[in-house]
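Okay, start29.pdb now, which holds PDB, C-alpha atoms:
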ATOM      1  CA  ALA D   1       0.000   0.000   0.000
ATOM      2  CA  THR D   2       2.848   2.384   0.826
ATOM      3  CA  HIS D   3       4.552   1.670  -2.492
ATOM      4  CA  SER D   4       1.305   2.241  -4.395
ATOM      5  CA  LEU D   5       0.780   5.588  -2.665
ATOM      6  CA  LEU D   6       4.337   6.706  -3.393
ATOM      7  CA  MET D   7       3.986   5.749  -7.065
ATOM      8  CA  LEU D   8       0.714   7.680  -7.283
ATOM      9  CA  LEU D   9       2.439  10.769  -5.926
ATOM     10  CA  TYR D  10       5.409  10.284  -8.248
ATOM     11  CA  ASP D  11       3.212   9.813 -11.330
ATOM     12  CA  ARG D  12       1.298  12.946 -10.409
ATOM     13  CA  ASP D  13       4.565  14.853 -10.106
ATOM     14  CA  CYS D  14       5.612  13.591 -13.557
ATOM     15  CA  ARG D  15       2.390  14.918 -15.110
ATOM     16  CA  ARG D  16       2.287  18.212 -13.238
ATOM     17  CA  SER D  17       5.439  18.926 -11.299
ATOM     18  CA  TYR D  18       4.903  20.039  -7.710
ATOM     19  CA  ALA D  19       8.051  18.722  -5.987
ATOM     20  CA  SER D  20      11.492  20.298  -5.967
ATOM     21  CA  PRO D  21      14.237  18.940  -8.270
ATOM     22  CA  ASN D  22      15.835  15.716  -6.964
ATOM     23  CA  HIS D  23      13.027  15.382  -4.412
ATOM     24  CA  TRP D  24      12.592  11.655  -5.096
ATOM     25  CA  LEU D  25      16.268  10.702  -4.772
ATOM     26  CA  ILE D  26      17.316   8.688  -1.718
ATOM     27  CA  LYS D  27      20.155  10.849  -0.443
ATOM     28  CA  SER D  28      20.863   8.668   2.597
ATOM     29  CA  LEU D  29      21.978   5.711   0.449
ATOM     30  CA  PRO D  30      25.556   6.087  -0.831
ATOM     31  CA  LEU D  31      25.755   5.062  -4.476
ATOM     32  CA  SER D  32      28.879   3.005  -3.824
ATOM     33  CA  THR D  33      26.973   0.972  -1.231
ATOM     34  CA  PHE D  34      24.026   0.503  -3.559
ATOM     35  CA  MET D  35      26.238  -0.629  -6.455
ATOM     36  CA  SER D  36      28.046  -3.092  -4.201
ATOM     37  CA  GLU D  37      24.724  -4.547  -3.043
ATOM     38  CA  LEU D  38      23.451  -4.703  -6.605
ATOM     39  CA  ASP D  39      26.562  -6.572  -7.800
ATOM     40  CA  SER D  40      25.995  -9.137  -5.061
ATOM     41  CA  ARG D  41      22.255  -9.325  -5.911
ATOM     42  CA  HIS D  42      21.284  -8.080  -2.466
ATOM     43  CA  GLN D  43      17.494  -8.108  -2.152
ATOM     44  CA  ARG D  44      17.240  -4.481  -1.053
ATOM     45  CA  ALA D  45      19.139  -3.144  -4.047
ATOM     46  CA  VAL D  46      17.351  -5.386  -6.558
ATOM     47  CA  THR D  47      13.910  -4.511  -5.159
ATOM     48  CA  LEU D  48      14.653  -0.792  -5.160
ATOM     49  CA  LEU D  49      15.849  -0.866  -8.764
ATOM     50  CA  ARG D  50      12.794  -2.838  -9.892
ATOM     51  CA  MET D  51      10.112  -1.078  -7.868
ATOM     52  CA  MET D  52      11.348   2.524  -7.520
ATOM     53  CA  PRO D  53      14.167   3.222  -9.997
ATOM     54  CA  HIS D  54      13.427   6.959  -9.936
ATOM     55  CA  CYS D  55      14.959   7.090  -6.452
ATOM     56  CA  LEU D  56      18.377   6.788  -8.125
ATOM     57  CA  PRO D  57      19.985   9.529 -10.260
ATOM     58  CA  TYR D  58      19.338   9.109 -13.980
ATOM     59  CA  ILE D  59      23.058   8.928 -14.787
ATOM     60  CA  GLN D  60      23.437   6.043 -12.351
ATOM     61  CA  ARG D  61      20.461   4.191 -13.814
ATOM     62  CA  ALA D  62      21.876   4.626 -17.311
ATOM     63  CA  HIS D  63      25.237   3.279 -16.105
ATOM     64  CA  ILE D  64      23.538   0.231 -14.586
ATOM     65  CA  PHE D  65      21.600  -0.405 -17.788
ATOM     66  CA  ARG D  66      24.713  -0.179 -19.971
ATOM     67  CA  GLY D  67      26.398  -2.645 -17.632
ATOM     68  CA  LEU D  68      23.501  -5.090 -18.030
ATOM     69  CA  VAL D  69      23.673  -4.730 -21.830
ATOM     70  CA  SER D  70      27.430  -5.336 -21.780
ATOM     71  CA  ALA D  71      26.963  -8.490 -19.705
ATOM     72  CA  ASP D  72      24.237  -9.682 -22.109
ATOM     73  CA  LYS D  73      26.542  -9.150 -25.089
ATOM     74  CA  GLN D  74      29.284 -11.111 -23.378
ATOM     75  CA  ARG D  75      26.844 -13.943 -22.733
ATOM     76  CA  LEU D  76      25.775 -14.004 -26.389
ATOM     77  CA  GLY D  77      29.335 -13.781 -27.670
ATOM     78  CA  ILE D  78      28.689 -10.659 -29.754
ATOM     79  CA  VAL D  79      31.522  -8.554 -28.366
ATOM     80  CA  GLU D  80      34.451  -7.853 -30.656
ATOM     81  CA  THR D  81      37.793  -8.917 -29.166
ATOM     82  CA  ARG D  82      41.387  -9.078 -30.363
ATOM     83  CA  ASP D  83      40.999 -12.780 -31.132
ATOM     84  CA  SER D  84      37.488 -12.971 -32.529
ATOM     85  CA  MET D  85      34.885 -11.074 -34.501
ATOM     86  CA  PRO D  86      31.183 -11.433 -33.712
ATOM     87  CA  ARG D  87      28.850 -12.859 -36.323
ATOM     88  CA  CYS D  88      27.119 -10.249 -38.453
ATOM     89  CA  SER D  89      23.751 -10.029 -40.162
ATOM     90  CA  TYR D  90      23.805  -8.277 -43.540
ATOM     91  CA  VAL D  91      20.888  -6.400 -45.075
ATOM     92  CA  THR D  92      20.616  -4.551 -48.378
ATOM     93  CA  ILE D  93      18.385  -1.491 -48.356
ATOM     94  CA  ARG D  94      17.118   0.373 -51.419
ATOM     95  CA  ARG D  95      16.875   4.091 -50.719
ATOM     96  CA  ARG D  96      13.465   4.310 -52.381
ATOM     97  CA  HIS D  97      12.147   1.330 -50.417
ATOM     98  CA  LEU D  98      13.855   1.902 -47.091
ATOM     99  CA  LEU D  99      10.988   0.854 -44.846
ATOM    100  CA  GLU D 100       9.807  -2.077 -46.977
ATOM    101  CA  ASP D 101      13.311  -3.566 -47.278
ATOM    102  CA  GLY D 102      14.119  -3.012 -43.629
ATOM    103  CA  TYR D 103      10.835  -4.532 -42.532
ATOM    104  CA  SER D 104      11.076  -7.580 -44.828
ATOM    105  CA  GLN D 105      14.642  -8.435 -43.793
ATOM    106  CA  LEU D 106      15.005  -7.372 -40.172
ATOM    107  CA  SER D 107      11.613  -8.696 -39.061
ATOM    108  CA  LEU D 108      12.881 -12.199 -39.820
ATOM    109  CA  LEU D 109      15.950 -11.951 -37.596
ATOM    110  CA  PRO D 110      15.792 -13.910 -34.318
ATOM    111  CA  ALA D 111      16.053 -11.820 -31.147
ATOM    112  CA  ASP D 112      19.675 -12.822 -30.454
ATOM    113  CA  ALA D 113      20.702 -11.958 -34.021
ATOM    114  CA  MET D 114      18.952  -8.601 -33.698
ATOM    115  CA  LYS D 115      21.066  -7.893 -30.635
ATOM    116  CA  GLY D 116      24.194  -8.667 -32.622
ATOM    117  CA  VAL D 117      25.987  -6.698 -35.314
ATOM    118  CA  VAL D 118      23.781  -5.636 -38.229
ATOM    119  CA  ARG D 119      25.583  -4.377 -41.328
ATOM    120  CA  VAL D 120      23.660  -2.252 -43.836
ATOM    121  CA  LYS D 121      24.436  -1.767 -47.523
ATOM    122  CA  PHE D 122      22.484   1.000 -49.242
ATOM    123  CA  VAL D 123      21.454   0.835 -52.899
ATOM    124  CA  ASN D 124      20.924   4.235 -54.524
ATOM    125  CA  GLU D 125      18.139   5.354 -56.848
ATOM    126  CA  GLN D 126      20.133   4.151 -59.881
ATOM    127  CA  GLY D 127      20.258   0.630 -58.449
ATOM    128  CA  LEU D 128      23.976   0.851 -57.572
ATOM    129  CA  GLU D 129      25.453  -0.080 -54.224
ATOM    130  CA  GLU D 130      26.742   2.931 -52.365
ATOM    131  CA  PRO D 131      30.435   2.790 -51.436
ATOM    132  CA  GLY D 132      31.520   2.487 -47.832
ATOM    133  CA  ILE D 133      31.724  -0.123 -45.108
ATOM    134  CA  ASP D 134      29.244  -0.006 -42.260
ATOM    135  CA  GLN D 135      31.071   0.598 -39.001
ATOM    136  CA  ASP D 136      27.785   1.290 -37.168
ATOM    137  CA  GLY D 137      27.476   4.683 -38.875
ATOM    138  CA  VAL D 138      25.498   3.391 -41.862
ATOM    139  CA  PHE D 139      23.217   1.334 -39.623
ATOM    140  CA  LYS D 140      22.655   4.408 -37.458
ATOM    141  CA  GLU D 141      21.713   6.355 -40.584
ATOM    142  CA  PHE D 142      19.280   3.611 -41.607
ATOM    143  CA  LEU D 143      17.783   3.603 -38.112
ATOM    144  CA  GLU D 144      17.356   7.378 -38.028
ATOM    145  CA  GLU D 145      15.790   7.498 -41.492
ATOM    146  CA  THR D 146      13.420   4.642 -40.649
ATOM    147  CA  ILE D 147      12.303   6.320 -37.420
ATOM    148  CA  LYS D 148      11.816   9.640 -39.229
ATOM    149  CA  LEU D 149       9.606   7.946 -41.831
ATOM    150  CA  VAL D 150       7.383   5.872 -39.551
ATOM    151  CA  PHE D 151       6.745   8.733 -37.134
ATOM    152  CA  ASP D 152       5.740  11.147 -39.876
ATOM    153  CA  PRO D 153       1.965  11.653 -39.310
ATOM    154  CA  ASN D 154       1.478  11.660 -43.095
ATOM    155  CA  PHE D 155       2.541   8.017 -43.132
ATOM    156  CA  ALA D 156      -0.524   7.266 -40.944
ATOM    157  CA  LEU D 157       1.209   4.798 -38.635
ATOM    158  CA  PHE D 158       1.431   7.396 -35.885
ATOM    159  CA  LYS D 159      -0.649  10.500 -35.253
ATOM    160  CA  SER D 160       0.117  13.813 -33.572
ATOM    161  CA  VAL D 161      -1.696  14.899 -30.440
ATOM    162  CA  SER D 162      -3.717  18.102 -30.747
ATOM    163  CA  SER D 163      -0.718  20.247 -29.765
ATOM    164  CA  GLY D 164       1.269  18.663 -32.597
ATOM    165  CA  ASP D 165       4.468  18.087 -30.619
ATOM    166  CA  ARG D 166       4.029  14.420 -29.655
ATOM    167  CA  VAL D 167       2.816  11.249 -31.335
ATOM    168  CA  TYR D 168       0.876   8.074 -30.561
ATOM    169  CA  PRO D 169      -0.319   5.073 -32.624
ATOM    170  CA  SER D 170      -2.841   6.276 -35.174
ATOM    171  CA  PRO D 171      -6.353   4.802 -35.078
ATOM    172  CA  ASP D 172      -6.124   4.979 -38.901
ATOM    173  CA  SER D 173      -3.013   2.777 -39.095
ATOM    174  CA  LEU D 174      -5.114   0.004 -40.635
ATOM    175  CA  VAL D 175      -4.588   1.707 -44.005
ATOM    176  CA  HIS D 176      -1.419  -0.392 -43.947
ATOM    177  CA  GLU D 177      -2.303  -4.039 -44.486
ATOM    178  CA  GLN D 178       0.359  -5.246 -42.058
ATOM    179  CA  HIS D 179       0.039  -2.342 -39.639
ATOM    180  CA  LEU D 180       0.251  -4.401 -36.439
ATOM    181  CA  LYS D 181       3.400  -6.166 -37.630
ATOM    182  CA  MET D 182       4.819  -2.798 -38.616
ATOM    183  CA  PHE D 183       4.285  -1.557 -35.052
ATOM    184  CA  GLU D 184       6.195  -4.612 -33.863
ATOM    185  CA  PHE D 185       8.980  -3.780 -36.323
ATOM    186  CA  VAL D 186       9.143  -0.187 -35.063
ATOM    187  CA  GLY D 187       9.371  -1.521 -31.524
ATOM    188  CA  ARG D 188      12.287  -3.743 -32.504
ATOM    189  CA  MET D 189      14.076  -0.805 -34.117
ATOM    190  CA  LEU D 190      13.631   1.338 -31.021
ATOM    191  CA  GLY D 191      14.750  -1.562 -28.856
ATOM    192  CA  LYS D 192      17.878  -1.954 -30.998
ATOM    193  CA  ALA D 193      18.620   1.756 -30.614
ATOM    194  CA  VAL D 194      18.302   1.543 -26.829
ATOM    195  CA  TYR D 195      20.389  -1.645 -26.729
ATOM    196  CA  GLU D 196      23.194  -0.062 -28.756
ATOM    197  CA  GLY D 197      23.051   3.282 -26.974
ATOM    198  CA  ILE D 198      22.003   5.148 -30.122
ATOM    199  CA  MET D 199      20.267   8.388 -29.237
ATOM    200  CA  ILE D 200      16.928   8.637 -31.046
ATOM    201  CA  GLU D 201      14.481  11.407 -30.199
ATOM    202  CA  VAL D 202      11.007   9.903 -30.189
ATOM    203  CA  PRO D 203       8.394  12.326 -28.803
ATOM    204  CA  PHE D 204       5.811   9.816 -27.586
ATOM    205  CA  ALA D 205       2.660  11.226 -26.029
ATOM    206  CA  TYR D 206       2.677  10.810 -22.258
ATOM    207  CA  PHE D 207      -0.503   8.740 -22.203
ATOM    208  CA  PHE D 208       1.007   6.321 -24.729
ATOM    209  CA  LEU D 209       4.064   5.876 -22.497
ATOM    210  CA  THR D 210       1.600   4.730 -19.839
ATOM    211  CA  HIS D 211       0.491   2.029 -22.282
ATOM    212  CA  VAL D 212       4.115   1.067 -22.975
ATOM    213  CA  LEU D 213       4.806   0.736 -19.243
ATOM    214  CA  GLY D 214       1.758  -1.506 -18.838
ATOM    215  CA  ARG D 215       0.103   0.780 -16.294
ATOM    216  CA  THR D 216      -3.307   1.098 -17.951
ATOM    217  CA  HIS D 217      -4.602  -1.913 -16.000
ATOM    218  CA  SER D 218      -3.404  -0.558 -12.661
ATOM    219  CA  PHE D 219      -6.040   0.446 -10.124
ATOM    220  CA  ALA D 220      -4.375   3.855 -10.020
ATOM    221  CA  PHE D 221      -4.724   4.509 -13.765
ATOM    222  CA  SER D 222      -7.203   7.219 -14.713
ATOM    223  CA  SER D 223      -7.987   7.871 -18.369
ATOM    224  CA  PHE D 224      -9.357  11.270 -17.430
ATOM    225  CA  ASP D 225      -6.097  12.335 -15.758
ATOM    226  CA  GLU D 226      -4.095  11.246 -18.817
ATOM    227  CA  LEU D 227      -6.473  12.835 -21.346
ATOM    228  CA  ALA D 228      -4.795  16.255 -21.137
ATOM    229  CA  SER D 229      -1.688  14.826 -22.839
ATOM    230  CA  LEU D 230      -3.804  13.790 -25.855
ATOM    231  CA  ASP D 231      -6.415  16.524 -26.220
ATOM    232  CA  PRO D 232      -6.235  19.496 -23.803
ATOM    233  CA  ASP D 233      -9.403  21.029 -25.273
ATOM    234  CA  LEU D 234     -11.467  17.902 -24.664
ATOM    235  CA  TYR D 235      -9.962  17.619 -21.183
ATOM    236  CA  ARG D 236     -11.047  21.200 -20.397
ATOM    237  CA  ASN D 237     -14.523  20.587 -21.818
ATOM    238  CA  LEU D 238     -15.010  17.462 -19.713
ATOM    239  CA  THR D 239     -13.712  19.306 -16.652
ATOM    240  CA  GLN D 240     -16.279  22.037 -17.272
ATOM    241  CA  LEU D 241     -18.964  19.369 -17.659
ATOM    242  CA  LYS D 242     -17.968  17.899 -14.284
ATOM    243  CA  ARG D 243     -18.396  21.309 -12.638
ATOM    244  CA  TYR D 244     -21.460  22.439 -14.604
ATOM    245  CA  ASP D 245     -24.121  23.911 -12.297
ATOM    246  CA  GLY D 246     -27.058  23.798 -14.711
ATOM    247  CA  ASP D 247     -29.227  20.960 -16.007
ATOM    248  CA  VAL D 248     -26.829  18.826 -18.097
ATOM    249  CA  GLU D 249     -29.571  16.889 -19.868
ATOM    250  CA  GLU D 250     -31.642  19.914 -20.856
ATOM    251  CA  ASP D 251     -28.836  22.366 -21.573
ATOM    252  CA  LEU D 252     -26.202  20.229 -23.309
ATOM    253  CA  GLY D 253     -28.149  17.440 -25.022
ATOM    254  CA  LEU D 254     -25.363  14.848 -24.760
ATOM    255  CA  THR D 255     -25.711  11.094 -25.122
ATOM    256  CA  PHE D 256     -23.410   8.197 -24.274
ATOM    257  CA  ALA D 257     -22.022   8.083 -27.811
ATOM    258  CA  VAL D 258     -19.142   9.646 -29.712
ATOM    259  CA  ASP D 259     -18.603  10.294 -33.414
ATOM    260  CA  GLU D 260     -15.247   9.352 -34.889
ATOM    261  CA  GLU D 261     -13.932  10.306 -38.313
ATOM    262  CA  ARG D 262     -11.891   7.507 -39.833
ATOM    263  CA  LEU D 263     -10.583   7.547 -43.389
ATOM    264  CA  GLY D 264     -13.112  10.167 -44.435
ATOM    265  CA  LYS D 265     -16.143   8.412 -42.919
ATOM    266  CA  ILE D 266     -18.022   9.183 -39.712
ATOM    267  CA  TYR D 267     -18.624   6.310 -37.289
ATOM    268  CA  THR D 268     -20.766   6.515 -34.158
ATOM    269  CA  HIS D 269     -19.591   4.512 -31.161
ATOM    270  CA  ASP D 270     -21.663   3.743 -28.090
ATOM    271  CA  LEU D 271     -19.757   4.422 -24.879
ATOM    272  CA  ARG D 272     -22.036   1.903 -23.184
ATOM    273  CA  PRO D 273     -24.630  -0.536 -24.592
ATOM    274  CA  GLY D 274     -27.342   1.495 -26.283
ATOM    275  CA  GLY D 275     -25.434   4.649 -25.453
ATOM    276  CA  ARG D 276     -26.676   6.747 -28.373
ATOM    277  CA  VAL D 277     -30.185   6.778 -26.878
ATOM    278  CA  ILE D 278     -29.086   7.287 -23.256
ATOM    279  CA  ASP D 279     -28.980  10.930 -22.167
ATOM    280  CA  VAL D 280     -26.174  12.340 -20.059
ATOM    281  CA  THR D 281     -27.610  13.770 -16.854
ATOM    282  CA  ASN D 282     -26.296  15.418 -13.715
ATOM    283  CA  ALA D 283     -26.470  12.027 -12.028
ATOM    284  CA  ASN D 284     -24.535  10.003 -14.630
ATOM    285  CA  ARG D 285     -22.132  12.622 -16.046
ATOM    286  CA  MET D 286     -19.103  11.259 -14.161
ATOM    287  CA  SER D 287     -19.637   7.905 -15.855
ATOM    288  CA  TYR D 288     -19.836   9.687 -19.229
ATOM    289  CA  ILE D 289     -16.624  11.641 -18.544
ATOM    290  CA  HIS D 290     -14.593   8.543 -17.704
ATOM    291  CA  LEU D 291     -16.053   6.480 -20.542
ATOM    292  CA  MET D 292     -15.275   9.254 -23.030
ATOM    293  CA  ALA D 293     -11.693   9.547 -21.781
ATOM    294  CA  ASN D 294     -11.285   5.763 -21.867
ATOM    295  CA  PHE D 295     -12.550   5.644 -25.466
ATOM    296  CA  LYS D 296     -10.093   8.313 -26.594
ATOM    297  CA  LEU D 297      -7.070   6.879 -24.790
ATOM    298  CA  CYS D 298      -7.663   3.134 -24.869
ATOM    299  CA  ILE D 299     -10.530   1.909 -27.055
ATOM    300  CA  GLN D 300      -9.511   3.863 -30.179
ATOM    301  CA  ILE D 301      -6.038   2.300 -30.199
ATOM    302  CA  LYS D 302      -6.847  -1.033 -28.563
ATOM    303  CA  GLU D 303      -5.498  -3.094 -31.473
ATOM    304  CA  GLN D 304      -2.335  -0.997 -31.806
ATOM    305  CA  THR D 305      -1.409  -1.251 -28.117
ATOM    306  CA  ARG D 306      -2.457  -4.782 -27.187
TER     307      ARG D 306
END

Could you rewrite the structure in this file as structure tokens?
Amino acid sequence: ATHSLLMLLYDRDCRRSYASPNHWLIKSLPLSTFMSELDSRHQRAVTLLRMMPHCLPYIQRAHIFRGLVSADKQRLGIVETRDSMPRCSYVTIRRRHLLEDGYSQLSLLPADAMKGVVRVKFVNEQGLEEPGIDQDGVFKEFLEETIKLVFDPNFALFKSVSSGDRVYPSPDSLVHEQHLKMFEFVGRMLGKAVYEGIMIEVPFAYFFLTHVLGRTHSFAFSSFDELASLDPDLYRNLTQLKRYDGDVEEDLGLTFAVDEERLGKIYTHDLRPGGRVIDVTNANRMSYIHLMANFKLCIQIKEQTR
């Protein structure tokens, strides 16, 4: 119960900062002591890292993660040494078909091979192989160009929030026949970037990060609280509805249904069974508010985030 309360307070601070900088760090625990306990798999250190990692400085967490990656590479035998070279996977990418070629070849690689060395050879628009040997630089270029393409809202795999500065899986992604597999491919590319320590700026919407962290099924998750990161205008409107002093049913004429435009067509969704003929009243408006927020944040992208 104590841990749940602390995480609620921390999540609230992440959404709307109210605590001072470094407030959540455990200053009474020397980092040298913590690292020693972690190396020996002491229960206190392992539990703290798993349950409350934000209590450690970010730089220290990054150092721990890089150490875990290094140990994993040693285990898999994919570290270059003076006496041996790790096995490589080779892919040929046409500039005009960057995403298709990357998807068709890299999606087939087993997880351990994906963690290993991936060498990229680009083919230019004239069908000629570009000169140069990939020493991680060419793969990094491929990764950056792939990420830039898939996160372009015009590609329809991801969509911008109303403010336009962050993205989340687009409800219209089904325009791509293999859209769910493409999301998996994007995830593998981002995972590879993290694994290799390649800095990629991906401005995910905050509510989508909640999906990624698997917190949407937590008792503490509130779609309404997260809605502001998707659509501030709708969040304000629902907040006004919650505080409305007049007769909601007579004055606003709302029902438990929402219209959604998808690929040029308008679809009406019931927020509850028979919702389009159920009026929103002063008595049931809180149910309407939470169902509307849940539809926007979870139901619309259920397939993309399962």

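The residue that comes closest to Val175 in chain D, out of D:Arg272, D:Lys296, D:His290, D:Arg262 and on the basis of only C-alpha atoms, is D:Arg262.
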
Subject >> Residues matched by the PyMOL selection byres ((chain D and resi 184-196) around 10), written as a PyMOL selection string >> reply: chain D and resi 65-66+68-70+73+99+102-104+106-108+111+114-117+136+140+143-144+146-147+150-151+179-183+197-200+202+304

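Comparing the minimum interatomic distances between Phe256 in chain D and each of D:Ser287, D:Ser160, D:Thr216, D:Asn22, counting only C-alpha atoms, we find that D:Ser287 sits nearest.
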
Near-Leu271 in chain D list (12 Å; all atoms listed in the file; drop same-chain fewer than 2 positions) as a short mmCIF file (atom, residue, chain, number, x, y, z; two decimals) with C-alpha atoms, in the frame of the given file:
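The resulting part.cif:
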data_model
loop_
_atom_site.label_atom_id
_atom_site.label_comp_id
_atom_site.auth_asym_id
_atom_site.auth_seq_id
_atom_site.Cartn_x
_atom_site.Cartn_y
_atom_site.Cartn_z
CA LEU D 254 -25.36 14.85 -24.76
CA THR D 255 -25.71 11.09 -25.12
CA PHE D 256 -23.41 8.20 -24.27
CA ALA D 257 -22.02 8.08 -27.81
CA VAL D 258 -19.14 9.65 -29.71
CA ASP D 259 -18.60 10.29 -33.41
CA THR D 268 -20.77 6.52 -34.16
CA HIS D 269 -19.59 4.51 -31.16
CA PRO D 273 -24.63 -0.54 -24.59
CA GLY D 274 -27.34 1.50 -26.28
CA GLY D 275 -25.43 4.65 -25.45
CA ARG D 276 -26.68 6.75 -28.37
CA VAL D 277 -30.18 6.78 -26.88
CA ILE D 278 -29.09 7.29 -23.26
CA ASP D 279 -28.98 10.93 -22.17
CA VAL D 280 -26.17 12.34 -20.06
CA SER D 287 -19.64 7.90 -15.86
CA TYR D 288 -19.84 9.69 -19.23
CA ILE D 289 -16.62 11.64 -18.54
CA HIS D 290 -14.59 8.54 -17.70
CA LEU D 291 -16.05 6.48 -20.54
CA MET D 292 -15.28 9.25 -23.03
CA ALA D 293 -11.69 9.55 -21.78
CA ASN D 294 -11.28 5.76 -21.87
CA PHE D 295 -12.55 5.64 -25.47
CA LYS D 296 -10.09 8.31 -26.59
CA ILE D 299 -10.53 1.91 -27.06
CA GLN D 300 -9.51 3.86 -30.18
#

Original post:
What gap, in Å, lies between CA of Arg44 in chain D and CA of Leu29 in chain D?
Top reply: 11.3 Å

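Among the candidates D:Leu149, D:Ile59, D:Val161, D:Leu6, the one nearest to Asp231 in chain D when counting only C-alpha atoms is D:Val161.
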
Original post:
Looking at all atoms listed in the file, which of D:Phe142, D:Phe208, D:Phe155, D:Tyr18 is the one that sits closest to Arg306 in chain D?
Top reply: D:Phe208

Care to translate the PyMOL selection byres ((chain D and resi 127) around 12) into actual residues of this file, as a tab-separated table (two decimals) with C-alpha atoms, keeping the file's coordinate frame?
chain	number	residue	atom	x	y	z
D	92	THR	CA	20.62	-4.55	-48.38
D	93	ILE	CA	18.39	-1.49	-48.36
D	94	ARG	CA	17.12	0.37	-51.42
D	95	ARG	CA	16.88	4.09	-50.72
D	96	ARG	CA	13.46	4.31	-52.38
D	97	HIS	CA	12.15	1.33	-50.42
D	121	LYS	CA	24.44	-1.77	-47.52
D	122	PHE	CA	22.48	1.00	-49.24
D	123	VAL	CA	21.45	0.84	-52.90
D	124	ASN	CA	20.92	4.24	-54.52
D	125	GLU	CA	18.14	5.35	-56.85
D	126	GLN	CA	20.13	4.15	-59.88
D	128	LEU	CA	23.98	0.85	-57.57
D	129	GLU	CA	25.45	-0.08	-54.22
D	130	GLU	CA	26.74	2.93	-52.36

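Taking CA of Val248 in chain D and CA of Phe221 in chain D as the two end points, the separation is 26.7 Å.
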
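CA of Tyr206 in chain D is positioned 18.9 Å from CA of Ala19 in chain D.
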
**OP:** Find the residues around Leu9 in chain D up to 12 Å (only C-alpha atoms counted), leave out those fewer than 6 positions away in its own chain, and share them as a list in words.
**Re:** Thr2, His3, Arg15, Arg16, Ser17, Tyr18, Ala19, His23, Trp24 and Ala220 of chain D

Original post:
Written as a ChimeraX atom specification, what is the full residue list that the PyMOL selection byres ((chain D and resi 54) around 10) yields on the file shown?
Top reply: /D:7,10,22,24-26,48-53,55-58,61

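Between Ser229 in chain D and the candidates D:Asp165, D:Asp172, D:Asp11, D:Glu303, the tightest atom-to-atom separation, counting only C-alpha atoms, involves D:Asp165.
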
With 3 Å of padding per side, what axis-aligned box (centre and edge lengths, Å, one decimal) covers all the listed atoms of range 269-279 of chain D? Give it as lines of an AutoDock Vina configuration file.
center_x = -24.9
center_y = 5.2
center_z = -26.7
size_x = 16.6
size_y = 17.5
size_z = 15.0

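Among the candidate residues D:Val91, D:His211, D:Asp152, D:Lys159, the one lying nearest to Phe139 in chain D is D:Val91, with distances computed using only C-alpha atoms.
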